[in-house]
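Below is run_36.txt, which holds compact mmCIF, C-alpha atoms.
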# COMPACT_ATOMS: atom_id res chain seq x y z
CA MET Y 1 3.60 13.69 15.23
CA GLN Y 2 4.84 11.09 17.71
CA THR Y 3 8.48 11.79 16.94
CA HIS Y 4 8.65 15.48 15.97
CA GLY Y 5 5.41 16.95 17.36
CA LEU Y 6 3.15 19.57 15.87
CA ASP Y 7 6.04 21.62 14.47
CA GLY Y 8 7.22 18.54 12.56
CA LEU Y 9 3.74 18.09 11.09
CA PHE Y 10 3.61 21.74 10.03
CA MET Y 11 7.07 21.45 8.48
CA CYS Y 12 6.04 18.36 6.49
CA THR Y 13 2.92 20.16 5.30
CA LEU Y 14 4.95 23.21 4.31
CA LEU Y 15 7.51 21.09 2.43
CA ALA Y 16 4.73 19.18 0.63
CA GLY Y 17 3.24 22.50 -0.49
CA VAL Y 18 6.62 23.73 -1.72
CA MET Y 19 7.13 20.48 -3.67
CA LEU Y 20 3.67 20.77 -5.25
CA LEU Y 21 4.37 24.37 -6.17
CA LEU Y 22 7.71 23.43 -7.76
CA LEU Y 23 6.15 20.54 -9.68
CA GLY Y 24 3.47 22.87 -11.00
CA LEU Y 25 5.84 25.68 -11.94
CA THR Y 26 8.34 23.41 -13.69
CA GLY Y 27 5.71 21.31 -15.45
CA LEU Y 28 6.99 18.11 -13.85
CA GLY Y 29 3.55 17.51 -12.36
CA THR Y 30 2.39 16.24 -15.74
CA ALA Y 31 4.77 13.28 -15.39
CA VAL Y 32 2.10 11.57 -13.29
CA LYS Y 33 0.33 10.60 -16.51
CA TYR Y 34 3.17 8.14 -17.12
CA PHE Y 35 2.50 6.24 -13.89
CA PRO Y 36 0.78 2.94 -14.62
CA ARG Y 37 -2.89 2.93 -13.62
CA PRO Y 38 -2.50 -0.13 -11.33
CA VAL Y 39 0.19 1.73 -9.35
CA VAL Y 40 -2.07 4.74 -8.81
CA ILE Y 41 -5.06 2.54 -7.90
CA GLY Y 42 -2.94 0.40 -5.56
CA PHE Y 43 -1.53 3.48 -3.82
CA THR Y 44 -5.01 5.01 -3.44
CA ASN Y 45 -6.48 1.77 -2.10
CA GLY Y 46 -3.58 1.38 0.33
CA ILE Y 47 -4.16 4.88 1.71
CA ALA Y 48 -7.89 4.13 1.99
CA VAL Y 49 -7.17 1.00 4.05
CA LEU Y 50 -4.79 2.94 6.32
CA ILE Y 51 -7.32 5.72 6.88
CA ALA Y 52 -10.16 3.24 7.48
CA SER Y 53 -8.04 1.38 10.04
CA THR Y 54 -7.73 4.57 12.08
CA GLN Y 55 -11.54 4.73 12.37
CA ILE Y 56 -12.19 1.19 13.65
CA LYS Y 57 -11.60 2.14 17.30
CA ASP Y 58 -14.28 4.85 17.25
CA PHE Y 59 -16.66 2.91 14.99
CA LEU Y 60 -16.74 0.02 17.46
CA GLY Y 61 -16.36 2.18 20.59
CA LEU Y 62 -13.27 0.26 21.70
CA ARG Y 63 -11.65 1.25 25.01
CA ILE Y 64 -8.05 1.79 23.91
CA ASP Y 65 -6.02 4.48 25.67
CA ARG Y 66 -3.43 4.95 22.94
CA VAL Y 67 -3.73 3.51 19.44
CA PRO Y 68 -0.35 2.77 17.82
CA GLY Y 69 0.56 4.79 14.74
CA ASP Y 70 1.74 1.86 12.64
CA PHE Y 71 -0.79 -0.29 10.76
CA LEU Y 72 0.14 -3.71 12.19
CA GLY Y 73 0.40 -2.33 15.72
CA ARG Y 74 -3.02 -0.73 15.30
CA LEU Y 75 -4.56 -4.04 14.18
CA ARG Y 76 -2.86 -5.87 17.05
CA SER Y 77 -4.20 -3.33 19.55
CA ILE Y 78 -7.72 -3.62 18.12
CA ALA Y 79 -7.55 -7.42 18.39
CA GLU Y 80 -6.30 -7.21 22.00
CA HIS Y 81 -9.14 -4.87 23.02
CA TRP Y 82 -11.88 -6.64 21.04
CA GLY Y 83 -13.70 -7.48 24.28
CA THR Y 84 -14.34 -3.77 24.94
CA VAL Y 85 -16.65 -3.24 21.94
CA SER Y 86 -19.52 -0.89 22.75
CA PRO Y 87 -22.76 -2.36 21.34
CA ALA Y 88 -24.29 1.14 21.16
CA ALA Y 89 -21.37 2.57 19.17
CA ALA Y 90 -21.09 -0.45 16.85
CA GLY Y 91 -24.83 -0.50 16.25
CA TRP Y 92 -25.12 3.23 15.69
CA GLY Y 93 -22.04 3.20 13.45
CA SER Y 94 -23.61 0.45 11.34
CA VAL Y 95 -26.89 2.34 11.09
CA ARG Y 96 -25.10 5.54 10.08
CA CYS Y 97 -22.86 3.76 7.59
CA SER Y 98 -25.77 1.99 5.91
CA SER Y 99 -27.90 5.15 5.83
CA SER Y 100 -25.01 7.15 4.35
CA CYS Y 101 -24.47 4.54 1.67
CA SER Y 102 -28.18 4.45 0.82
CA CYS Y 103 -28.39 8.27 0.79
CA CYS Y 104 -25.45 8.57 -1.60
CA ALA Y 105 -26.86 5.92 -3.92
CA SER Y 106 -30.29 7.53 -4.09
CA PRO Y 107 -31.30 10.30 -6.51
CA GLY Y 108 -31.68 12.73 -3.58
CA ALA Y 109 -28.02 12.37 -2.54
CA SER Y 110 -27.80 16.09 -1.79
CA ARG Y 111 -29.77 15.43 1.42
CA ALA Y 112 -26.90 13.39 2.92
CA PRO Y 113 -25.42 16.18 5.11
CA SER Y 114 -28.82 16.96 6.66
CA SER Y 115 -29.32 13.24 7.39
CA ARG Y 116 -26.04 13.30 9.33
CA CYS Y 117 -27.28 16.20 11.43
CA SER Y 118 -30.66 14.57 12.03
CA SER Y 119 -29.00 11.27 13.05
CA ALA Y 120 -26.90 13.16 15.59
CA ARG Y 121 -30.13 14.62 16.98
CA VAL Y 122 -31.68 11.14 17.16
CA ALA Y 123 -28.62 9.76 18.99
CA TRP Y 124 -28.79 12.68 21.42
CA ALA Y 125 -32.54 12.25 21.94
CA LEU Y 126 -32.11 8.53 22.63
CA ALA Y 127 -29.28 9.37 25.06
CA LEU Y 128 -27.05 6.75 23.47
CA PRO Y 129 -23.75 6.26 25.33
CA LEU Y 130 -21.55 7.39 22.41
CA GLU Y 131 -18.22 9.21 22.33
CA THR Y 132 -18.51 12.68 20.83
CA ILE Y 133 -16.08 15.46 20.00
CA ALA Y 134 -17.02 17.06 23.31
CA THR Y 135 -16.42 13.92 25.39
CA SER Y 136 -13.24 12.95 23.54
CA PHE Y 137 -11.56 16.32 23.01
CA GLY Y 138 -13.43 18.79 25.18
CA GLY Y 139 -15.48 20.31 22.35
CA ILE Y 140 -14.76 22.47 19.33
CA PRO Y 141 -12.89 25.72 20.07
CA ALA Y 142 -14.99 28.84 19.51
CA GLY Y 143 -12.28 30.85 17.74
CA LEU Y 144 -9.37 30.35 15.41
CA PRO Y 145 -6.03 29.26 16.85
CA ARG Y 146 -3.27 31.81 17.25
CA LEU Y 147 -1.21 32.09 14.05
CA GLN Y 148 2.29 30.85 14.69
CA VAL Y 149 5.13 29.98 12.34
CA PRO Y 150 6.51 26.49 13.06
CA THR Y 151 10.07 26.29 14.30
CA PHE Y 152 12.52 24.04 12.50
CA GLN Y 153 14.84 22.13 14.78
CA ALA Y 154 17.51 19.80 13.49
CA HIS Y 155 17.31 16.52 15.39
CA SER Y 156 20.36 14.42 16.11
CA SER Y 157 18.32 11.30 15.27
CA CYS Y 158 17.81 12.51 11.71
CA ARG Y 159 20.45 11.34 9.25
CA CYS Y 160 20.26 14.51 7.17
CA CYS Y 161 20.64 16.80 10.21
CA ARG Y 162 23.35 14.85 12.04
CA PRO Y 163 26.82 16.43 11.90
CA ARG Y 164 29.15 14.36 9.76
CA SER Y 165 32.17 12.80 11.41
CA ARG Y 166 35.51 13.25 9.70
Re-express the file's structure as structure tokens.
Amino acid sequence: MQTHGLDGLFMCTLLAGVMLLLLGLTGLGTAVKYFPRPVVIGFTNGIAVLIASTQIKDFLGLRIDRVPGDFLGRLRSIAEHWGTVSPAAAGWGSVRCSSSCSCCASPGASRAPSSRCSSARVAWALALPLETIATSFGGIPAGLPRLQVPTFQAHSSCRCCRPRSR
């Protein structure tokens, strides 16, 4: 996104879909059963750590204008802005995290989504100073976005798109 924008993201998504389709049609998708289990678990855990690291800023209510896209840069930025932790956001995040974990572990785990809605009502009723979708992004759009096919542009910085010199 930082380098190629929204069209680049759409193109990557489209290419990933085409690859999945080709793997399914050719039967090559079954080759995944030959990957060693530790490789699959390591990859999955690595992705989980990357995704979790993107949530730390909001969980703690840190005041960071722009969070870097790379993992180490993100951790460095979080460490630099550690003094801006919002006690309300960190406390409420901890309460929500622990209640979600206890809801999922209980026999009535199907109630978890309603507990999320009720906790949002409680936070609103207590007027907690928390960032929301509305305060961060201006709210949720009422309708669907306009359908638009992404444009593919060859970039001179890309090795595969750069004209070859003779």
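CA of Thr151 (chain Y) sits 11.0 Å away from CA of His4 (chain Y).
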Q.
Please determine, counting all atoms listed in the file, which residue among Y:Ala16, Y:Ala79, Y:Leu130, Y:Leu21 has the shortest atom-to-atom distance to Gly61 (chain Y).
A.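 Closest to Gly61 (chain Y), using all atoms listed in the file: Y:Leu130.
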(Q) Which residue is closest to Pro150 (chain Y)? Choose from Y:Thr132, Y:Thr13, Y:Ser77, Y:Thr44 and count only C-alpha atoms. (A) Y:Thr13
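Going from CA of Gly42 (chain Y) over to CA of Val18 (chain Y), you cover 25.5 Å.
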Q. Counting all atoms listed in the file, which of Y:Lys33, Y:Arg74, Y:His81, Y:Arg96 gets nearest to Phe59 (chain Y)?
A.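 Closest candidate: Y:Arg96.
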Q | Counting only C-alpha atoms, the option among Y:Glu80, Y:Phe71, Y:Leu126, Y:Lys57 closest to Gly93 (chain Y) | A |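 Result for the nearest residue to Gly93 (chain Y): Y:Lys57.
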Q: Would you list the contacts of Gly29 (chain Y) as a list in words, taking every protein, DNA or RNA residue within 10 Å and counting only C-alpha atoms, but skipping same-chain residues closer than 6 positions in sequence?
A: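 After dropping sequence-adjacent residues, the list is Met19, Leu20, Leu21, Leu22 and Leu23 of chain Y.
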Those residues you just picked out, can you put them in a file as a CSV table (one decimal), keeping the file's coordinate frame with C-alpha atoms?
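Saved result, part-v2.csv, follows:
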chain,number,residue,atom,x,y,z
Y,19,MET,CA,7.1,20.5,-3.7
Y,20,LEU,CA,3.7,20.8,-5.2
Y,21,LEU,CA,4.4,24.4,-6.2
Y,22,LEU,CA,7.7,23.4,-7.8
Y,23,LEU,CA,6.2,20.5,-9.7
Q. Could you name the residues that touch Ala88 (chain Y) at 12 Å or less, counting all atoms listed in the file, but leaving out those on the same chain fewer than 3 positions away, as a list in words?
A. Asp58, Phe59, Leu60, Gly61, Leu62, Thr84, Val85, Gly91, Trp92, Gly93, Ser94, Val95, Arg96, Ala123, Leu126, Ala127, Leu128, Pro129, Leu130 and Glu131 of chain Y
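As for CA of Gln55 (chain Y) and CA of Leu6 (chain Y), they are spaced 21.2 Å apart.
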Q | Closest of Y:Gln2, Y:Arg146, Y:Ile41, Y:Ala134 to Val67 (chain Y) - atom-to-atom distances counting only C-alpha atoms | A |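 Nearest to Val67 (chain Y): Y:Gln2.
Residue nearest Ile64 (chain Y) within the list Y:Gly27, Y:Gly83, Y:Pro141, Y:Gly17: Y:Gly83 [criterion: smallest interatomic distance, only C-alpha atoms].
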